[in-house]
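Chemist: Here it is, the structure in full.
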Amino acid sequence: MIVLTGEVLIDLIGHNLNSRSNLAYTGVLGGSALNTASILARVGAPTRFVSEVGQDFLGDWAIAHIAERKIETRFIQQLPGVPTPLSVAEVDPEGNARFSFYRAFGNTQFSPDSAAMARAKWFHFGSLSAFDPRNSPGIESLLEIALEYDVLVSFDPNLHARPNEAYWEQLRRYMPYVSVFKASLDDARLLFPAAASDPKILLEHLVELGAPVTVLTLGAAGSMAAFRTRMMQVPGVRVHVVDTIGAGDAFTAGLIYGMLKQEIGSRMELLSWDGTQLPVILASSNHLAAITCTVEGASPPEQLLQAWWERYG
């Protein structure tokens with residue numbers, strides 16, 4: 001069982017809004033970890049999502065559609081009196097998205113049921129919501145269970161703004177639990193602005209955070225990784241880009257799927273892993289991210305996803 005926690009968002013996506021007299025959006029399920037969970041479930045991995053939505057019609061709609069994706073939903077709580085969060089995205093002619101977020105959970109604390117970690121083989125979390133003071137204690141409680149039962153943990157910062165000191169303090173609390181740290185080039189530049197021009201130096205800075213496996217995605221240029229004393233880079237896959245929404249989340253799904261195929265059962269086994277398959281895992285993840293860019297939104301097309309699974313699954 002792969003357990004993921006993060007926001008459930010309703011993504012309202014608009015294209016070239018500056019050229020329109022009226023705003024027009026398409027609403028889809030969103031949230032970084034949920035996008036990752038959706039792809040994992042589509043390729044047959046048992047997947048459970050731990051989160052919250054409002055007790056409103058959007059929350060009902062979200063849970064129903066998450067269940068349709070064959071993701072276990074019994075640990076998604078509906079909170080009374082608050083609306084389900086929204087994100088609004090504008091996609092430019094090059095396919096790049098700019099987001100605004102609307103959240104209103106107030107002072108309620110995220111209190112996940114510890115039973116959500118039952119049978120977990122992998123735990124994934126991340127994004128700015130993991131650094132909201134109302135969420136971090138609940139996430140830490142799940143991480144403590146992961147540590148107790150030696151469950152491997154992956155983290156994706158998915159930043160949209162330069163972090164402040166409170167962010168860094170929370171990140172330092174999270175890092176002892178993290179086995180696989182995956183960041184985008186934009187994430188790394190926000191974390192380490194003084195090294196923004198050199199991906200290799202950015203990767204070295206990420207490695208210093210302490211995760212056994214550190215991965216840096218480079219957009220169209222592919223991805224890099226560091227494991228023990230090795231550093232490697234794998235080129236990207238050339239496709240016609242419709243938009244880049246969800247590409248990083250798809251990469252994360254490929255990364256988790258590929259790591260699980262190595263049958264690494266614990267953090268100790270990860271530390272003794274030879275890492276020879278890591279370039280293949282990166283290539284697979286690059287491919288999955290690329291095919292996600294060929295359509296609008298974060299859901300790769302079924303035919304291309306099936307072809308990906310036949311090649312790498």
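Going through the structure tokens in order, the chains are called A, B, and so on, while each chain numbers its residues from 1 and the ligands are numbered from 1 in the order shown.
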Within 7 Å of A:Leu288, counting only C-alpha atoms, which residues qualify if same-chain residues fewer than 4 places away don't, as number ranges by chain?
Modeler: A: 250-251, 254, 284, 292, 308
Chemist: For the selection just defined, write its residues with all heavy atoms to a file, as a PDB file, in the first residue's frame.
Modeler:
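The file below, again33.pdb, is the result:
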ATOM      1  N   ALA A 250       3.711  13.687 -11.936  1.00  0.00           N
ATOM      2  CA  ALA A 250       3.845  12.448 -12.696  1.00  0.00           C
ATOM      3  C   ALA A 250       5.248  11.873 -12.530  1.00  0.00           C
ATOM      4  O   ALA A 250       5.423  10.655 -12.375  1.00  0.00           O
ATOM      5  CB  ALA A 250       3.542  12.703 -14.174  1.00  0.00           C
ATOM      6  N   PHE A 251       6.252  12.749 -12.564  1.00  0.00           N
ATOM      7  CA  PHE A 251       7.618  12.282 -12.337  1.00  0.00           C
ATOM      8  C   PHE A 251       7.719  11.588 -10.975  1.00  0.00           C
ATOM      9  O   PHE A 251       8.318  10.516 -10.855  1.00  0.00           O
ATOM     10  CB  PHE A 251       8.594  13.455 -12.404  1.00  0.00           C
ATOM     11  CG  PHE A 251      10.031  13.049 -12.224  1.00  0.00           C
ATOM     12  CD1 PHE A 251      10.848  12.846 -13.328  1.00  0.00           C
ATOM     13  CD2 PHE A 251      10.574  12.849 -10.955  1.00  0.00           C
ATOM     14  CE1 PHE A 251      12.175  12.452 -13.171  1.00  0.00           C
ATOM     15  CE2 PHE A 251      11.891  12.453 -10.787  1.00  0.00           C
ATOM     16  CZ  PHE A 251      12.689  12.251 -11.900  1.00  0.00           C
ATOM     17  N   GLY A 254       6.332   8.139 -11.097  1.00  0.00           N
ATOM     18  CA  GLY A 254       7.272   7.220 -11.724  1.00  0.00           C
ATOM     19  C   GLY A 254       8.418   6.870 -10.799  1.00  0.00           C
ATOM     20  O   GLY A 254       8.885   5.712 -10.757  1.00  0.00           O
ATOM     21  N   SER A 284      12.471   6.401 -16.729  1.00  0.00           N
ATOM     22  CA  SER A 284      11.053   6.079 -16.665  1.00  0.00           C
ATOM     23  C   SER A 284      10.241   7.269 -16.167  1.00  0.00           C
ATOM     24  O   SER A 284       9.182   7.605 -16.729  1.00  0.00           O
ATOM     25  CB  SER A 284      10.862   4.873 -15.727  1.00  0.00           C
ATOM     26  OG  SER A 284       9.520   4.712 -15.370  1.00  0.00           O
ATOM     27  N   THR A 292       2.658  13.443 -19.717  1.00  0.00           N
ATOM     28  CA  THR A 292       1.664  14.262 -19.024  1.00  0.00           C
ATOM     29  C   THR A 292       1.593  15.660 -19.636  1.00  0.00           C
ATOM     30  O   THR A 292       0.534  16.302 -19.616  1.00  0.00           O
ATOM     31  CB  THR A 292       1.999  14.339 -17.529  1.00  0.00           C
ATOM     32  OG1 THR A 292       2.055  13.011 -16.999  1.00  0.00           O
ATOM     33  CG2 THR A 292       0.977  15.134 -16.761  1.00  0.00           C
ATOM     34  N   TRP A 308       3.580   3.346 -21.509  1.00  0.00           N
ATOM     35  CA  TRP A 308       4.617   3.554 -20.490  1.00  0.00           C
ATOM     36  C   TRP A 308       4.701   2.354 -19.557  1.00  0.00           C
ATOM     37  O   TRP A 308       5.803   1.846 -19.262  1.00  0.00           O
ATOM     38  CB  TRP A 308       4.328   4.816 -19.689  1.00  0.00           C
ATOM     39  CG  TRP A 308       5.285   5.057 -18.566  1.00  0.00           C
ATOM     40  CD1 TRP A 308       6.467   5.732 -18.628  1.00  0.00           C
ATOM     41  CD2 TRP A 308       5.147   4.618 -17.204  1.00  0.00           C
ATOM     42  NE1 TRP A 308       7.092   5.727 -17.392  1.00  0.00           N
ATOM     43  CE2 TRP A 308       6.297   5.047 -16.502  1.00  0.00           C
ATOM     44  CE3 TRP A 308       4.165   3.888 -16.520  1.00  0.00           C
ATOM     45  CZ2 TRP A 308       6.492   4.789 -15.158  1.00  0.00           C
ATOM     46  CZ3 TRP A 308       4.351   3.626 -15.178  1.00  0.00           C
ATOM     47  CH2 TRP A 308       5.514   4.067 -14.501  1.00  0.00           C
TER      48      TRP A 308
END
Chemist: Please run DSSP on the backbone and report, as a ChimeraX atom specification, all residues within stretch 79-145 of chain A that come out as strand (DSSP E or B).
Modeler: /A:79,86-91,97-102,122-126
Chemist: Any chance you can output those residues with N, CA, C and O atoms as a tab-separated table (two decimals), in the first residue's frame?
Modeler:
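Final file, result-v8.tsv:
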chain	number	residue	atom	x	y	z
A	79	LEU	N	-14.82	18.35	6.59
A	79	LEU	CA	-14.91	19.29	7.71
A	79	LEU	C	-16.14	20.19	7.54
A	79	LEU	O	-16.31	20.83	6.50
A	86	LEU	N	-9.58	25.79	-3.37
A	86	LEU	CA	-9.49	25.98	-4.81
A	86	LEU	C	-8.09	26.44	-5.19
A	86	LEU	O	-7.41	27.11	-4.42
A	87	SER	N	-7.66	26.06	-6.39
A	87	SER	CA	-6.50	26.71	-7.00
A	87	SER	C	-6.95	27.19	-8.38
A	87	SER	O	-7.73	26.53	-9.05
A	88	VAL	N	-6.47	28.35	-8.75
A	88	VAL	CA	-6.80	28.94	-10.05
A	88	VAL	C	-5.51	29.07	-10.84
A	88	VAL	O	-4.54	29.66	-10.36
A	89	ALA	N	-5.51	28.49	-12.03
A	89	ALA	CA	-4.29	28.46	-12.84
A	89	ALA	C	-4.53	29.15	-14.18
A	89	ALA	O	-5.56	28.94	-14.83
A	90	GLU	N	-3.58	29.97	-14.57
A	90	GLU	CA	-3.57	30.55	-15.92
A	90	GLU	C	-2.43	29.91	-16.69
A	90	GLU	O	-1.28	29.90	-16.23
A	91	VAL	N	-2.73	29.34	-17.85
A	91	VAL	CA	-1.73	28.68	-18.68
A	91	VAL	C	-1.38	29.61	-19.84
A	91	VAL	O	-2.25	30.06	-20.59
A	97	ALA	N	2.14	27.21	-16.32
A	97	ALA	CA	0.99	27.61	-15.50
A	97	ALA	C	1.43	28.51	-14.36
A	97	ALA	O	2.49	28.33	-13.76
A	98	ARG	N	0.57	29.48	-14.04
A	98	ARG	CA	0.75	30.36	-12.89
A	98	ARG	C	-0.47	30.17	-11.99
A	98	ARG	O	-1.61	30.22	-12.45
A	99	PHE	N	-0.23	29.94	-10.68
A	99	PHE	CA	-1.30	29.53	-9.78
A	99	PHE	C	-1.61	30.59	-8.73
A	99	PHE	O	-0.73	31.31	-8.25
A	100	SER	N	-2.89	30.64	-8.33
A	100	SER	CA	-3.33	31.32	-7.11
A	100	SER	C	-4.13	30.31	-6.29
A	100	SER	O	-4.86	29.49	-6.86
A	101	PHE	N	-3.99	30.36	-4.95
A	101	PHE	CA	-4.62	29.37	-4.09
A	101	PHE	C	-5.59	30.04	-3.13
A	101	PHE	O	-5.33	31.14	-2.62
A	102	TYR	N	-6.71	29.35	-2.86
A	102	TYR	CA	-7.75	29.87	-1.99
A	102	TYR	C	-8.12	28.77	-0.99
A	102	TYR	O	-8.71	27.75	-1.35
A	122	TRP	N	5.09	2.50	1.51
A	122	TRP	CA	5.71	3.76	1.12
A	122	TRP	C	4.80	4.89	1.59
A	122	TRP	O	3.57	4.77	1.55
A	123	PHE	N	5.40	5.99	2.03
A	123	PHE	CA	4.63	7.17	2.44
A	123	PHE	C	5.19	8.38	1.71
A	123	PHE	O	6.40	8.59	1.67
A	124	HIS	N	4.29	9.18	1.14
A	124	HIS	CA	4.71	10.37	0.38
A	124	HIS	C	3.96	11.59	0.90
A	124	HIS	O	2.75	11.55	1.14
A	125	PHE	N	4.68	12.73	1.00
A	125	PHE	CA	4.06	13.99	1.40
A	125	PHE	C	4.85	15.14	0.78
A	125	PHE	O	5.89	14.94	0.15
A	126	GLY	N	4.35	16.37	0.97
A	126	GLY	CA	5.07	17.53	0.46
A	126	GLY	C	4.16	18.70	0.20
A	126	GLY	O	3.04	18.77	0.69
Chemist: Could you state the separation of atom CA of A:Pro157 and atom CA of A:Ile256 in Å, given to one decimal place?
Modeler: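 Value for the atom CA of A:Pro157-atom CA of A:Ile256 distance: 15.3 Å.
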Chemist: For A:Gln277, work out the shell of residues within 9 Å, counting only C-alpha atoms and skipping chain neighbours fewer than 6 positions away, then give it as a list of chain:residue names.
Modeler: A:Gly258, A:Met259, A:Gln262
Chemist: Hey, what's within 6 Å of stretch 217-227 of chain A if we count only C-alpha atoms and toss same-chain stuff fewer than 3 positions away? As a ChimeraX atom specification, please?
Modeler: /A:184-185,213-214,230-236,286
Chemist: Please provide the set of residues having any atom within 7 Å of stretch 43-47 of chain A, restricted to only C-alpha atoms, with same-chain residues fewer than 5 positions apart removed, written as a PyMOL selection string.
Modeler: chain A and resi 1-3+37+71-72+309
Chemist: I'd like to know which of A:Asp249, A:Glu296, A:Asp186, A:Glu302 is closest to A:Phe155, using only C-alpha atoms.
Modeler: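 The closest residue to A:Phe155 is A:Asp249.
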Chemist: Please determine, counting only C-alpha atoms, which residue among A:Glu140, A:Asp156, A:Glu310, A:Glu204 has the shortest atom-to-atom distance to A:Leu128.
Modeler: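 So, comparing all the options, the nearest one is A:Asp156.
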Chemist: One decimal, in Å: what's the spacing between atom CA of A:Leu270 and atom CA of A:Gln170?
Modeler: 24.4 Å
Chemist: Counting only C-alpha atoms, which residue out of A:Pro193, A:Gly54, A:Pro137, A:Pro212 sits closest to A:Arg267?
Modeler: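 Of A:Pro193, A:Gly54, A:Pro137, A:Pro212, the one nearest A:Arg267, counting only C-alpha atoms, is A:Pro212.
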